[in-house]
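**Q** Provided herewith: work-v4.cif, mmCIF, C-alpha atoms.
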data_upload
loop_
_atom_site.group_PDB
_atom_site.id
_atom_site.type_symbol
_atom_site.label_atom_id
_atom_site.label_comp_id
_atom_site.auth_asym_id
_atom_site.auth_seq_id
_atom_site.Cartn_x
_atom_site.Cartn_y
_atom_site.Cartn_z
ATOM 1 C CA MET H 1 6.409 8.537 -67.635
ATOM 2 C CA THR H 2 3.356 7.309 -69.484
ATOM 3 C CA ALA H 3 0.710 9.688 -70.670
ATOM 4 C CA HIS H 4 -2.567 9.764 -68.919
ATOM 5 C CA GLU H 5 -5.920 10.780 -70.243
ATOM 6 C CA THR H 6 -7.256 12.821 -67.408
ATOM 7 C CA LEU H 7 -5.740 15.782 -65.686
ATOM 8 C CA PRO H 8 -6.155 14.761 -62.052
ATOM 9 C CA SER H 9 -4.436 11.422 -62.470
ATOM 10 C CA ARG H 10 -1.636 12.964 -64.474
ATOM 11 C CA ARG H 11 -0.994 15.432 -61.707
ATOM 12 C CA ALA H 12 -1.090 12.693 -59.137
ATOM 13 C CA ALA H 13 1.394 10.648 -61.060
ATOM 14 C CA ARG H 14 3.713 13.590 -61.458
ATOM 15 C CA ASP H 15 3.529 14.434 -57.765
ATOM 16 C CA ASP H 16 4.129 10.842 -56.937
ATOM 17 C CA GLY H 17 7.169 10.614 -59.087
ATOM 18 C CA ALA H 18 8.572 13.848 -57.792
ATOM 19 C CA ARG H 19 8.164 12.969 -54.181
ATOM 20 C CA ARG H 20 9.095 9.364 -54.007
ATOM 21 C CA PRO H 21 12.908 9.622 -54.267
ATOM 22 C CA SER H 22 13.168 12.228 -51.539
ATOM 23 C CA ALA H 23 10.538 10.440 -49.459
ATOM 24 C CA ARG H 24 12.798 7.411 -49.341
ATOM 25 C CA ARG H 25 15.664 9.438 -47.943
ATOM 26 C CA SER H 26 13.608 11.152 -45.256
ATOM 27 C CA PRO H 27 10.324 9.813 -43.890
ATOM 28 C CA ARG H 28 9.239 13.337 -43.052
ATOM 29 C CA ARG H 29 5.905 14.121 -44.651
ATOM 30 C CA ARG H 30 4.848 17.618 -45.446
ATOM 31 C CA GLN H 31 2.341 18.696 -42.807
ATOM 32 C CA THR H 32 0.093 21.646 -42.447
ATOM 33 C CA VAL H 33 0.335 23.676 -39.239
ATOM 34 C CA GLY H 34 -3.147 22.563 -38.239
ATOM 35 C CA GLY H 35 -2.284 18.927 -38.818
ATOM 36 C CA ALA H 36 0.879 19.290 -36.754
ATOM 37 C CA ILE H 37 -1.043 20.744 -33.845
ATOM 38 C CA VAL H 38 -3.657 18.001 -34.020
ATOM 39 C CA SER H 39 -1.054 15.243 -34.026
ATOM 40 C CA LEU H 40 0.892 16.919 -31.211
ATOM 41 C CA VAL H 41 -2.252 17.132 -29.078
ATOM 42 C CA ALA H 42 -3.098 13.534 -29.912
ATOM 43 C CA GLU H 43 0.353 12.378 -28.872
ATOM 44 C CA LEU H 44 0.259 14.359 -25.648
ATOM 45 C CA LEU H 45 -3.107 12.762 -24.853
ATOM 46 C CA ILE H 46 -1.649 9.321 -25.502
ATOM 47 C CA ILE H 47 1.277 10.122 -23.185
ATOM 48 C CA ALA H 48 -1.059 11.472 -20.496
ATOM 49 C CA GLY H 49 -3.251 8.377 -20.765
ATOM 50 C CA ALA H 50 -0.279 6.039 -20.528
ATOM 51 C CA GLY H 51 1.082 8.009 -17.552
ATOM 52 C CA THR H 52 -2.237 7.861 -15.718
ATOM 53 C CA GLY H 53 -2.526 4.161 -16.400
ATOM 54 C CA LEU H 54 0.996 3.613 -15.083
ATOM 55 C CA TYR H 55 0.169 5.609 -11.958
ATOM 56 C CA VAL H 56 -2.832 3.403 -11.238
ATOM 57 C CA LEU H 57 -0.645 0.355 -11.794
ATOM 58 C CA TRP H 58 1.957 1.773 -9.435
ATOM 59 C CA THR H 59 -0.491 2.514 -6.595
ATOM 60 C CA ALA H 60 -2.553 -0.637 -6.899
ATOM 61 C CA TRP H 61 0.267 -3.079 -7.511
ATOM 62 C CA TRP H 62 3.816 -1.821 -7.189
ATOM 63 C CA THR H 63 3.425 -0.219 -3.728
ATOM 64 C CA ASP H 64 2.166 -3.610 -2.522
ATOM 65 C CA VAL H 65 5.129 -5.452 -4.000
ATOM 66 C CA VAL H 66 7.596 -3.069 -2.346
ATOM 67 C CA ALA H 67 5.787 -2.884 1.006
ATOM 68 C CA VAL H 68 5.148 -6.614 1.425
ATOM 69 C CA ASN H 69 8.803 -7.281 0.659
ATOM 70 C CA GLU H 70 9.854 -4.658 3.210
ATOM 71 C CA GLN H 71 7.376 -5.854 5.838
ATOM 72 C CA THR H 72 8.534 -9.453 5.514
ATOM 73 C CA LYS H 73 12.080 -8.279 6.216
ATOM 74 C CA LEU H 74 10.904 -6.329 9.266
ATOM 75 C CA VAL H 75 9.158 -9.401 10.686
ATOM 76 C CA ASP H 76 12.334 -11.423 10.159
ATOM 77 C CA GLY H 77 14.353 -8.611 11.744
ATOM 78 C CA LEU H 78 12.493 -9.039 15.029
ATOM 79 C CA GLY H 79 14.226 -12.378 15.413
ATOM 80 C CA GLN H 80 11.144 -14.134 16.741
ATOM 81 C CA ARG H 81 11.879 -17.763 17.327
ATOM 82 C CA ASP H 82 9.467 -20.458 16.236
ATOM 83 C CA THR H 83 7.382 -21.566 19.161
ATOM 84 C CA SER H 84 5.973 -25.018 19.665
ATOM 85 C CA GLY H 85 3.317 -26.735 21.692
ATOM 86 C CA THR H 86 0.162 -25.217 23.096
ATOM 87 C CA GLY H 87 0.944 -23.325 26.259
ATOM 88 C CA THR H 88 -1.201 -22.177 29.154
ATOM 89 C CA GLU H 89 -3.760 -19.485 28.438
ATOM 90 C CA HIS H 90 -3.180 -16.818 31.078
ATOM 91 C CA ARG H 91 -6.135 -14.584 31.840
ATOM 92 C CA GLY H 92 -4.785 -12.530 34.730
ATOM 93 C CA PRO H 93 -2.929 -9.217 34.505
ATOM 94 C CA ALA H 94 -0.691 -9.391 31.441
ATOM 95 C CA PRO H 95 2.973 -8.456 31.155
ATOM 96 C CA VAL H 96 3.377 -5.212 29.231
ATOM 97 C CA LEU H 97 6.512 -4.055 27.446
ATOM 98 C CA ALA H 98 8.092 -1.720 29.997
ATOM 99 C CA GLU H 99 9.797 0.696 27.662
ATOM 100 C CA PRO H 100 7.337 2.287 25.221
ATOM 101 C CA PRO H 101 8.819 2.089 21.721
ATOM 102 C CA ASN H 102 10.004 5.151 19.829
ATOM 103 C CA VAL H 103 8.188 6.268 16.701
ATOM 104 C CA THR H 104 9.016 3.964 13.746
ATOM 105 C CA ASP H 105 10.295 1.227 16.067
ATOM 106 C CA VAL H 106 8.953 -2.183 15.096
ATOM 107 C CA PHE H 107 7.982 -3.874 18.347
ATOM 108 C CA GLY H 108 5.823 -6.781 17.334
ATOM 109 C CA THR H 109 3.730 -8.613 14.803
ATOM 110 C CA MET H 110 0.064 -9.206 14.145
ATOM 111 C CA GLN H 111 -1.438 -12.407 12.864
ATOM 112 C CA ILE H 112 -5.083 -12.753 11.927
ATOM 113 C CA PRO H 113 -6.090 -16.292 10.942
ATOM 114 C CA ARG H 114 -9.168 -14.926 9.122
ATOM 115 C CA PHE H 115 -6.802 -13.129 6.741
ATOM 116 C CA GLY H 116 -4.988 -16.349 5.900
ATOM 117 C CA ALA H 117 -2.517 -18.686 7.552
ATOM 118 C CA ASP H 118 0.478 -16.779 6.220
ATOM 119 C CA TYR H 119 -0.781 -13.363 7.319
ATOM 120 C CA GLU H 120 1.902 -11.940 9.596
ATOM 121 C CA ARG H 121 2.680 -8.230 9.577
ATOM 122 C CA PRO H 122 4.993 -6.012 11.600
ATOM 123 C CA ILE H 123 3.562 -3.343 13.893
ATOM 124 C CA GLY H 124 5.414 -0.049 14.131
ATOM 125 C CA GLU H 125 5.061 2.791 16.585
ATOM 126 C CA GLY H 126 3.148 5.832 15.383
ATOM 127 C CA THR H 127 0.698 6.484 12.568
ATOM 128 C CA ASP H 128 2.863 8.739 10.415
ATOM 129 C CA ARG H 129 1.851 8.064 6.830
ATOM 130 C CA GLU H 130 5.273 8.146 5.221
ATOM 131 C CA ARG H 131 7.393 6.650 7.962
ATOM 132 C CA VAL H 132 5.049 4.027 9.371
ATOM 133 C CA LEU H 133 1.884 3.282 7.411
ATOM 134 C CA ASN H 134 3.474 3.321 3.945
ATOM 135 C CA THR H 135 6.475 1.279 4.951
ATOM 136 C CA ILE H 136 6.002 -0.749 8.145
ATOM 137 C CA GLY H 137 2.299 -1.225 7.471
ATOM 138 C CA LEU H 138 0.444 -1.409 10.771
ATOM 139 C CA GLY H 139 0.940 1.621 12.992
ATOM 140 C CA HIS H 140 0.244 1.847 16.719
ATOM 141 C CA TYR H 141 -1.450 5.105 17.687
ATOM 142 C CA GLU H 142 0.973 6.850 20.014
ATOM 143 C CA ASP H 143 -0.399 7.417 23.506
ATOM 144 C CA THR H 144 -2.791 4.490 23.292
ATOM 145 C CA ALA H 145 -2.182 1.419 25.431
ATOM 146 C CA MET H 146 0.437 -1.201 24.604
ATOM 147 C CA PRO H 147 -0.694 -4.796 24.019
ATOM 148 C CA GLY H 148 -1.926 -6.463 27.175
ATOM 149 C CA ALA H 149 -2.270 -3.188 29.057
ATOM 150 C CA THR H 150 -5.487 -1.781 30.418
ATOM 151 C CA GLY H 151 -6.937 0.550 27.820
ATOM 152 C CA ASN H 152 -7.047 0.411 24.052
ATOM 153 C CA PHE H 153 -4.212 -0.867 21.877
ATOM 154 C CA ALA H 154 -5.181 1.018 18.707
ATOM 155 C CA VAL H 155 -3.659 0.225 15.336
ATOM 156 C CA ALA H 156 -4.146 1.837 11.915
ATOM 157 C CA GLY H 157 -3.356 0.332 8.547
ATOM 158 C CA HIS H 158 -3.961 0.824 4.861
ATOM 159 C CA ARG H 159 -6.915 -1.020 3.394
ATOM 160 C CA VAL H 160 -5.510 -0.667 -0.122
ATOM 161 C CA THR H 161 -1.986 0.048 -1.422
ATOM 162 C CA TYR H 162 1.354 -0.156 0.444
ATOM 163 C CA GLY H 163 0.952 -3.801 1.376
ATOM 164 C CA LYS H 164 -2.715 -3.249 2.385
ATOM 165 C CA PRO H 165 -2.386 -4.878 5.828
ATOM 166 C CA LEU H 166 -6.061 -4.345 6.651
ATOM 167 C CA ASN H 167 -7.455 -5.126 3.204
ATOM 168 C CA GLN H 168 -9.808 -7.791 4.554
ATOM 169 C CA ILE H 169 -10.873 -5.993 7.729
ATOM 170 C CA ALA H 170 -14.540 -6.154 6.728
ATOM 171 C CA GLU H 171 -14.368 -9.955 6.744
ATOM 172 C CA LEU H 172 -13.660 -10.117 10.484
ATOM 173 C CA LYS H 173 -16.468 -11.716 12.461
ATOM 174 C CA THR H 174 -17.263 -11.753 16.151
ATOM 175 C CA ASP H 175 -14.869 -14.012 18.097
ATOM 176 C CA ASP H 176 -12.268 -14.056 15.319
ATOM 177 C CA ALA H 177 -8.784 -14.056 16.812
ATOM 178 C CA VAL H 178 -6.355 -11.168 16.399
ATOM 179 C CA VAL H 179 -3.016 -12.388 17.681
ATOM 180 C CA VAL H 180 -0.328 -9.879 18.611
ATOM 181 C CA ARG H 181 3.201 -10.863 19.552
ATOM 182 C CA VAL H 182 5.438 -8.282 21.181
ATOM 183 C CA THR H 183 9.128 -9.065 21.029
ATOM 184 C CA ASP H 184 12.037 -7.151 22.506
ATOM 185 C CA LYS H 185 15.289 -9.024 22.422
ATOM 186 C CA ASP H 186 17.093 -6.493 24.626
ATOM 187 C CA SER H 187 14.792 -6.997 27.595
ATOM 188 C CA ASP H 188 14.123 -10.656 26.753
ATOM 189 C CA PHE H 189 10.433 -9.880 26.297
ATOM 190 C CA ASP H 190 8.388 -12.146 24.022
ATOM 191 C CA VAL H 191 4.662 -12.482 24.684
ATOM 192 C CA TRP H 192 1.570 -13.485 22.713
ATOM 193 C CA TYR H 193 -1.671 -11.581 23.202
ATOM 194 C CA VAL H 194 -4.823 -13.144 21.802
ATOM 195 C CA TYR H 195 -7.691 -10.729 21.246
ATOM 196 C CA LYS H 196 -11.185 -11.737 20.134
ATOM 197 C CA VAL H 197 -13.257 -9.499 17.872
ATOM 198 C CA THR H 198 -16.294 -7.997 19.573
ATOM 199 C CA ASP H 199 -17.771 -5.658 16.976
ATOM 200 C CA SER H 200 -17.106 -3.435 13.983
ATOM 201 C CA GLU H 201 -18.423 -0.040 13.022
ATOM 202 C CA ILE H 202 -18.198 2.401 10.151
ATOM 203 C CA VAL H 203 -17.562 5.966 11.262
ATOM 204 C CA THR H 204 -16.417 9.303 9.911
ATOM 205 C CA PRO H 205 -12.663 9.937 10.232
ATOM 206 C CA ASP H 206 -13.074 12.410 13.096
ATOM 207 C CA LYS H 207 -14.443 9.802 15.545
ATOM 208 C CA VAL H 208 -11.410 9.610 17.813
ATOM 209 C CA GLU H 209 -13.594 8.152 20.567
ATOM 210 C CA THR H 210 -13.280 4.815 18.749
ATOM 211 C CA ILE H 211 -9.723 4.594 20.050
ATOM 212 C CA ALA H 212 -10.513 5.895 23.550
ATOM 213 C CA PRO H 213 -9.237 3.685 26.425
ATOM 214 C CA VAL H 214 -12.764 2.307 26.616
ATOM 215 C CA PRO H 215 -13.911 2.386 22.974
ATOM 216 C CA ASN H 216 -16.619 4.975 22.321
ATOM 217 C CA GLN H 217 -16.704 6.050 25.955
ATOM 218 C CA PRO H 218 -14.182 8.884 26.085
ATOM 219 C CA GLY H 219 -13.433 9.972 29.622
ATOM 220 C CA THR H 220 -14.352 6.619 31.121
ATOM 221 C CA GLU H 221 -11.541 5.177 33.222
ATOM 222 C CA PRO H 222 -10.779 1.646 31.987
ATOM 223 C CA THR H 223 -11.103 -1.152 34.530
ATOM 224 C CA ALA H 224 -8.780 -4.162 34.700
ATOM 225 C CA ASP H 225 -11.144 -5.929 32.321
ATOM 226 C CA ASP H 226 -10.895 -3.208 29.657
ATOM 227 C CA ARG H 227 -8.032 -4.525 27.598
ATOM 228 C CA TRP H 228 -9.040 -3.597 24.081
ATOM 229 C CA LEU H 229 -7.568 -3.708 20.631
ATOM 230 C CA THR H 230 -8.914 -1.442 17.883
ATOM 231 C CA LEU H 231 -8.101 -1.613 14.187
ATOM 232 C CA THR H 232 -8.861 1.335 11.916
ATOM 233 C CA ALA H 233 -8.768 1.309 8.121
ATOM 234 C CA CYS H 234 -10.274 3.211 5.254
ATOM 235 C CA HIS H 235 -13.831 2.778 4.167
ATOM 236 C CA PRO H 236 -14.971 2.338 1.522
ATOM 237 C CA MET H 237 -11.899 0.962 -0.192
ATOM 238 C CA TRP H 238 -9.968 3.621 -2.132
ATOM 239 C CA SER H 239 -11.825 6.364 -0.277
ATOM 240 C CA ALA H 240 -11.078 8.541 2.698
ATOM 241 C CA ALA H 241 -14.725 9.297 3.386
ATOM 242 C CA GLU H 242 -15.129 6.949 6.338
ATOM 243 C CA ARG H 243 -13.226 4.537 8.553
ATOM 244 C CA TYR H 244 -13.851 0.869 9.144
ATOM 245 C CA VAL H 245 -13.207 0.256 12.822
ATOM 246 C CA THR H 246 -13.019 -3.157 14.469
ATOM 247 C CA HIS H 247 -12.798 -3.667 18.224
ATOM 248 C CA ALA H 248 -11.463 -6.745 19.961
ATOM 249 C CA LYS H 249 -10.985 -7.665 23.601
ATOM 250 C CA LEU H 250 -8.071 -9.510 25.194
ATOM 251 C CA ASP H 251 -8.930 -13.155 25.670
ATOM 252 C CA TYR H 252 -5.632 -14.420 27.059
ATOM 253 C CA TRP H 253 -1.882 -13.985 26.896
ATOM 254 C CA MET H 254 0.981 -16.449 26.787
ATOM 255 C CA PRO H 255 4.769 -16.089 27.039
ATOM 256 C CA ALA H 256 6.241 -17.193 23.716
ATOM 257 C CA SER H 257 8.542 -19.513 25.646
ATOM 258 C CA GLU H 258 5.511 -21.561 26.694
ATOM 259 C CA GLY H 259 4.081 -22.292 23.278
ATOM 260 C CA THR H 260 1.909 -21.087 20.430
ATOM 261 C CA PRO H 261 -1.699 -19.903 20.762
ATOM 262 C CA LYS H 262 -4.035 -22.587 19.490
ATOM 263 C CA GLU H 263 -5.697 -20.026 17.202
ATOM 264 C CA LEU H 264 -2.524 -20.020 15.114
ATOM 265 C CA SER H 265 -1.784 -23.723 15.190
ATOM 266 C CA GLU H 266 -5.320 -24.452 14.032
ATOM 267 C CA THR H 267 -4.736 -22.662 10.761
ATOM 268 C CA SER H 268 -1.056 -23.297 10.158
ATOM 269 C CA LYS H 269 2.185 -24.621 11.616
ATOM 270 C CA MET P 1 5.379 14.957 -34.052
ATOM 271 C CA ILE P 2 6.887 13.485 -30.883
ATOM 272 C CA PHE P 3 6.761 9.789 -31.677
ATOM 273 C CA PRO P 4 8.121 10.049 -35.257
ATOM 274 C CA LEU P 5 10.793 12.418 -33.964
ATOM 275 C CA ILE P 6 11.942 9.904 -31.331
ATOM 276 C CA TRP P 7 11.941 7.158 -33.940
ATOM 277 C CA ARG P 8 14.099 9.285 -36.235
ATOM 278 C CA ILE P 9 16.523 10.293 -33.483
ATOM 279 C CA LEU P 10 17.189 6.684 -32.449
ATOM 280 C CA PRO P 11 20.263 5.512 -34.366
ATOM 281 C CA GLY P 12 20.812 2.224 -36.145
ATOM 282 C CA PRO P 13 18.683 -0.229 -38.124
ATOM 283 C CA VAL P 14 15.060 -0.960 -37.278
ATOM 284 C CA ALA P 15 15.854 -3.942 -35.039
ATOM 285 C CA LEU P 16 18.243 -1.822 -32.979
ATOM 286 C CA LYS P 17 15.718 1.019 -32.834
ATOM 287 C CA VAL P 18 13.157 -1.370 -31.342
ATOM 288 C CA VAL P 19 15.613 -2.454 -28.654
ATOM 289 C CA GLU P 20 16.527 1.159 -27.910
ATOM 290 C CA LEU P 21 12.863 2.053 -27.665
ATOM 291 C CA LEU P 22 12.247 -0.722 -25.117
ATOM 292 C CA VAL P 23 15.239 0.410 -23.054
ATOM 293 C CA LEU P 24 13.967 3.987 -23.212
ATOM 294 C CA LEU P 25 10.495 2.918 -22.062
ATOM 295 C CA ALA P 26 11.951 0.861 -19.217
ATOM 296 C CA ALA P 27 14.017 3.854 -18.115
ATOM 297 C CA ILE P 28 10.956 6.117 -18.184
ATOM 298 C CA VAL P 29 8.910 3.618 -16.138
ATOM 299 C CA PHE P 30 11.796 3.281 -13.671
ATOM 300 C CA VAL P 31 12.037 7.036 -13.177
ATOM 301 C CA LEU P 32 8.266 7.327 -12.769
ATOM 302 C CA PHE P 33 8.001 4.429 -10.290
ATOM 303 C CA THR P 34 11.025 5.442 -8.240
ATOM 304 C CA TRP P 35 10.730 9.210 -7.992
ATOM 305 C CA VAL P 36 7.770 10.750 -9.765
ATOM 306 C CA PHE P 37 4.890 8.598 -8.512
ATOM 307 C CA PRO P 38 6.016 8.508 -4.858
ATOM 308 C CA TRP P 39 6.245 12.283 -5.003
ATOM 309 C CA ILE P 40 2.757 12.569 -6.490
ATOM 310 C CA ALA P 41 1.381 10.156 -3.882
ATOM 311 C CA ALA P 42 2.989 12.023 -1.001
ATOM 312 C CA ASP P 43 2.451 15.636 -1.961
ATOM 313 C CA ILE P 44 -0.379 15.852 -4.468
ATOM 314 C CA LEU P 45 -2.770 12.920 -4.124
ATOM 315 C CA PRO P 46 -2.209 11.320 -0.732
ATOM 316 C CA PRO P 47 -4.083 8.021 -0.574
ATOM 317 C CA PRO P 48 -6.338 7.585 2.462
ATOM 318 C CA ASP P 49 -4.308 6.342 5.412
ATOM 319 C CA GLY P 50 -7.003 4.809 7.576
ATOM 320 C CA THR P 51 -6.406 6.712 10.780
ATOM 321 C CA VAL P 52 -8.959 8.432 12.923
ATOM 322 C CA ASP P 53 -7.874 11.905 13.773
ATOM 323 C CA THR P 54 -9.137 15.119 15.257
ATOM 324 C CA THR P 55 -7.897 16.987 12.214
ATOM 325 C CA PRO P 56 -9.801 15.948 9.108
ATOM 326 C CA ALA P 57 -7.722 13.350 7.308
ATOM 327 C CA PRO P 58 -6.856 14.174 3.709
#
Translate this structure into structure tokens?
**A**
Amino acid sequence: MTAHETLPSRRAARDDGARRPSARRSPRRRQTVGGAIVSLVAELLIIAGAGTGLYVLWTAWWTDVVAVNEQTKLVDGLGQRDTSGTGTEHRGPAPVLAEPPNVTDVFGTMQIPRFGADYERPIGEGTDRERVLNTIGLGHYEDTAMPGATGNFAVAGHRVTYGKPLNQIAELKTDDAVVVRVTDKDSDFDVWYVYKVTDSEIVTPDKVETIAPVPNQPGTEPTADDRWLTLTACHPMWSAAERYVTHAKLDYWMPASEGTPKELSETSK
Amino acid sequence: MIFPLIWRILPGPVALKVVELLVLLAAIVFVLFTWVFPWIAADILPPPDGTVDTTPAP
């Protein structure tokens, strides 16, 4: 060891020399209790931050990946055959699936050309969050009318997360088509229902009259002309404060054996 | 504290430690995505479900 003039540097050199060999064997540095607590808190904050970030990633992205994958399988599982040609647009009383589906049964699909040509999602029975909305996607309010029937075929769906089937609900404009296809292989039932958007509204979540048989007129008996479809989703996005509600009215129906509604062939196929 | 401890516990040379660390992180993310986050979403912070209801929706 070389001699040094000043005391502080000599001490530093001595400390250095004394510590270095053992420091090489173990990277552990001597720490004060206060320093240990500070670094522990800092590390816990880093872990909490990373965990929160991952949670956001999971809700905003991963639930979509899982749900869209699942929903695509459910659509395929319905065994709907490709239809061709443009069939007759029937405007009289529509055939309605005789047997109401059980909760979590997937009984049909919804296509909305405004949401894109490849937008096709399964519709399940019920609006249970875990069993229907988070997995199947679109959920039919139990005890509301079935497609084509007099009354209000009301459907709820997530606006964000879990496949976000109604993400673009606010883009729907008057006269946009909402095409529902109900398929039941057992009873050989396969019918298109083409609804046209009439209006949208933003309401608080307690406004159940929006899904009344005649929308917003609870207690009114629907006439043969009152064949409605109502979509409900969250508003604003990522919030539960309000609901975005869109109403549509049945324009026509068509057995799938006769062809494909022109609203779909215009955008795709 | 925690991070240096994990680094010291992982066996092998530095290159192997890096691989082990990545595997460990992947395992943690898997556990979080598969069990922890769905549980949080269902029981603690339910996301809005978009239904209209007579009972106030969470």
**Q** Kindly indicate which residue among H:Ile37, H:Val214, H:Val75, H:Val68 lies nearest to H:Leu229, using all atoms listed in the file for the distances.
**A**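 For H:Leu229, the nearest of the candidates is H:Val214.
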**Q** What's the 6 Å shell around H:Leu138, counting only C-alpha atoms, without same-chain residues fewer than 2 positions away, as a list in words?
**A**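 So, after excluding close chain neighbours, the residues are Ile123, Leu133, Ala156 and Gly157 of chain H.
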**Q** So what does the PyMOL selection byres ((chain H) within 6 of (chain P)) actually pick up in this one, as a CSV table (one decimal) with C-alpha atoms, keeping the file's coordinate frame?
**A**
chain,number,residue,atom,x,y,z
H,40,LEU,CA,0.9,16.9,-31.2
H,156,ALA,CA,-4.1,1.8,11.9
H,157,GLY,CA,-3.4,0.3,8.5
H,158,HIS,CA,-4.0,0.8,4.9
H,205,PRO,CA,-12.7,9.9,10.2
H,206,ASP,CA,-13.1,12.4,13.1
H,208,VAL,CA,-11.4,9.6,17.8
H,232,THR,CA,-8.9,1.3,11.9
H,233,ALA,CA,-8.8,1.3,8.1
H,234,CYS,CA,-10.3,3.2,5.3
H,240,ALA,CA,-11.1,8.5,2.7
**Q** Where does the PyMOL selection byres ((chain H and resi 148) around 8) land in this file, that is, which residues does it pick, as a PDB file with C-alpha atoms, in the coordinates of the input?
**A**
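Ended up saving to expr.pdb:
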ATOM      1  CA  PRO H  93      -2.929  -9.217  34.505  1.00  0.00           C
ATOM      2  CA  ALA H  94      -0.691  -9.391  31.441  1.00  0.00           C
ATOM      3  CA  PRO H  95       2.973  -8.456  31.155  1.00  0.00           C
ATOM      4  CA  VAL H  96       3.377  -5.212  29.231  1.00  0.00           C
ATOM      5  CA  MET H 146       0.437  -1.201  24.604  1.00  0.00           C
ATOM      6  CA  PRO H 147      -0.694  -4.796  24.019  1.00  0.00           C
ATOM      7  CA  ALA H 149      -2.270  -3.188  29.057  1.00  0.00           C
ATOM      8  CA  THR H 150      -5.487  -1.781  30.418  1.00  0.00           C
ATOM      9  CA  TYR H 193      -1.671 -11.581  23.202  1.00  0.00           C
ATOM     10  CA  ARG H 227      -8.032  -4.525  27.598  1.00  0.00           C
ATOM     11  CA  LEU H 250      -8.071  -9.510  25.194  1.00  0.00           C
ATOM     12  CA  TRP H 253      -1.882 -13.985  26.896  1.00  0.00           C
TER      13      TRP H 253
END
**Q** In Å, rounded to a single decimal, give me how far atom CA of H:Val203 is from atom CA of H:Thr230.
**A**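 These atoms are spaced 13.2 Å apart.
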**Q** In terms of the shortest atom-to-atom distance over all atoms listed in the file, which of P:Ala15, P:Leu45, P:Leu22, P:Leu10 is closest to H:Tyr55?
**A**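 Closest to H:Tyr55, using all atoms listed in the file: P:Leu45.
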**Q** For H:Thr135, please output as a PDB file with C-alpha atoms, in the coordinates of the input all residues within 12 Å (counting all atoms listed in the file; exclusion window: fewer than 2 positions along the same chain).
**A**
ATOM      1  CA  THR H  63       3.425  -0.219  -3.728  1.00  0.00           C
ATOM      2  CA  ASP H  64       2.166  -3.610  -2.522  1.00  0.00           C
ATOM      3  CA  VAL H  65       5.129  -5.452  -4.000  1.00  0.00           C
ATOM      4  CA  VAL H  66       7.596  -3.069  -2.346  1.00  0.00           C
ATOM      5  CA  ALA H  67       5.787  -2.884   1.006  1.00  0.00           C
ATOM      6  CA  VAL H  68       5.148  -6.614   1.425  1.00  0.00           C
ATOM      7  CA  ASN H  69       8.803  -7.281   0.659  1.00  0.00           C
ATOM      8  CA  GLU H  70       9.854  -4.658   3.210  1.00  0.00           C
ATOM      9  CA  GLN H  71       7.376  -5.854   5.838  1.00  0.00           C
ATOM     10  CA  THR H  72       8.534  -9.453   5.514  1.00  0.00           C
ATOM     11  CA  LYS H  73      12.080  -8.279   6.216  1.00  0.00           C
ATOM     12  CA  LEU H  74      10.904  -6.329   9.266  1.00  0.00           C
ATOM     13  CA  THR H 104       9.016   3.964  13.746  1.00  0.00           C
ATOM     14  CA  ASP H 105      10.295   1.227  16.067  1.00  0.00           C
ATOM     15  CA  VAL H 106       8.953  -2.183  15.096  1.00  0.00           C
ATOM     16  CA  ARG H 121       2.680  -8.230   9.577  1.00  0.00           C
ATOM     17  CA  PRO H 122       4.993  -6.012  11.600  1.00  0.00           C
ATOM     18  CA  ILE H 123       3.562  -3.343  13.893  1.00  0.00           C
ATOM     19  CA  GLY H 124       5.414  -0.049  14.131  1.00  0.00           C
ATOM     20  CA  GLU H 125       5.061   2.791  16.585  1.00  0.00           C
ATOM     21  CA  GLY H 126       3.148   5.832  15.383  1.00  0.00           C
ATOM     22  CA  THR H 127       0.698   6.484  12.568  1.00  0.00           C
ATOM     23  CA  ASP H 128       2.863   8.739  10.415  1.00  0.00           C
ATOM     24  CA  ARG H 129       1.851   8.064   6.830  1.00  0.00           C
ATOM     25  CA  GLU H 130       5.273   8.146   5.221  1.00  0.00           C
ATOM     26  CA  ARG H 131       7.393   6.650   7.962  1.00  0.00           C
ATOM     27  CA  VAL H 132       5.049   4.027   9.371  1.00  0.00           C
ATOM     28  CA  LEU H 133       1.884   3.282   7.411  1.00  0.00           C
ATOM     29  CA  GLY H 137       2.299  -1.225   7.471  1.00  0.00           C
ATOM     30  CA  LEU H 138       0.444  -1.409  10.771  1.00  0.00           C
ATOM     31  CA  GLY H 139       0.940   1.621  12.992  1.00  0.00           C
ATOM     32  CA  GLY H 157      -3.356   0.332   8.547  1.00  0.00           C
ATOM     33  CA  HIS H 158      -3.961   0.824   4.861  1.00  0.00           C
ATOM     34  CA  THR H 161      -1.986   0.048  -1.422  1.00  0.00           C
ATOM     35  CA  TYR H 162       1.354  -0.156   0.444  1.00  0.00           C
ATOM     36  CA  GLY H 163       0.952  -3.801   1.376  1.00  0.00           C
ATOM     37  CA  LYS H 164      -2.715  -3.249   2.385  1.00  0.00           C
ATOM     38  CA  PRO H 165      -2.386  -4.878   5.828  1.00  0.00           C
TER      39      PRO H 165
ATOM     40  CA  ASP P  49      -4.308   6.342   5.412  1.00  0.00           C
TER      41      ASP P  49
END
**Q** Written as a list in words, what is the full residue list that the PyMOL selection byres ((chain H and resi 54) around 12) yields on the file shown?
**A**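 For this structure, the PyMOL selection byres ((chain H and resi 54) around 12) captures Ile47, Ala48, Gly49, Ala50, Gly51, Thr52, Gly53, Tyr55, Val56, Leu57, Trp58, Thr59, Ala60, Trp61 and Trp62 of chain H; Leu25, Ile28, Val29, Phe30, Val31, Leu32, Phe33, Val36 and Phe37 of chain P.
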**Q** I'd like the interatomic distance between atom CA of H:Arg114 and atom CA of H:Glu171, to a tenth of an Å.
**A**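 These atoms are spaced 7.6 Å apart.
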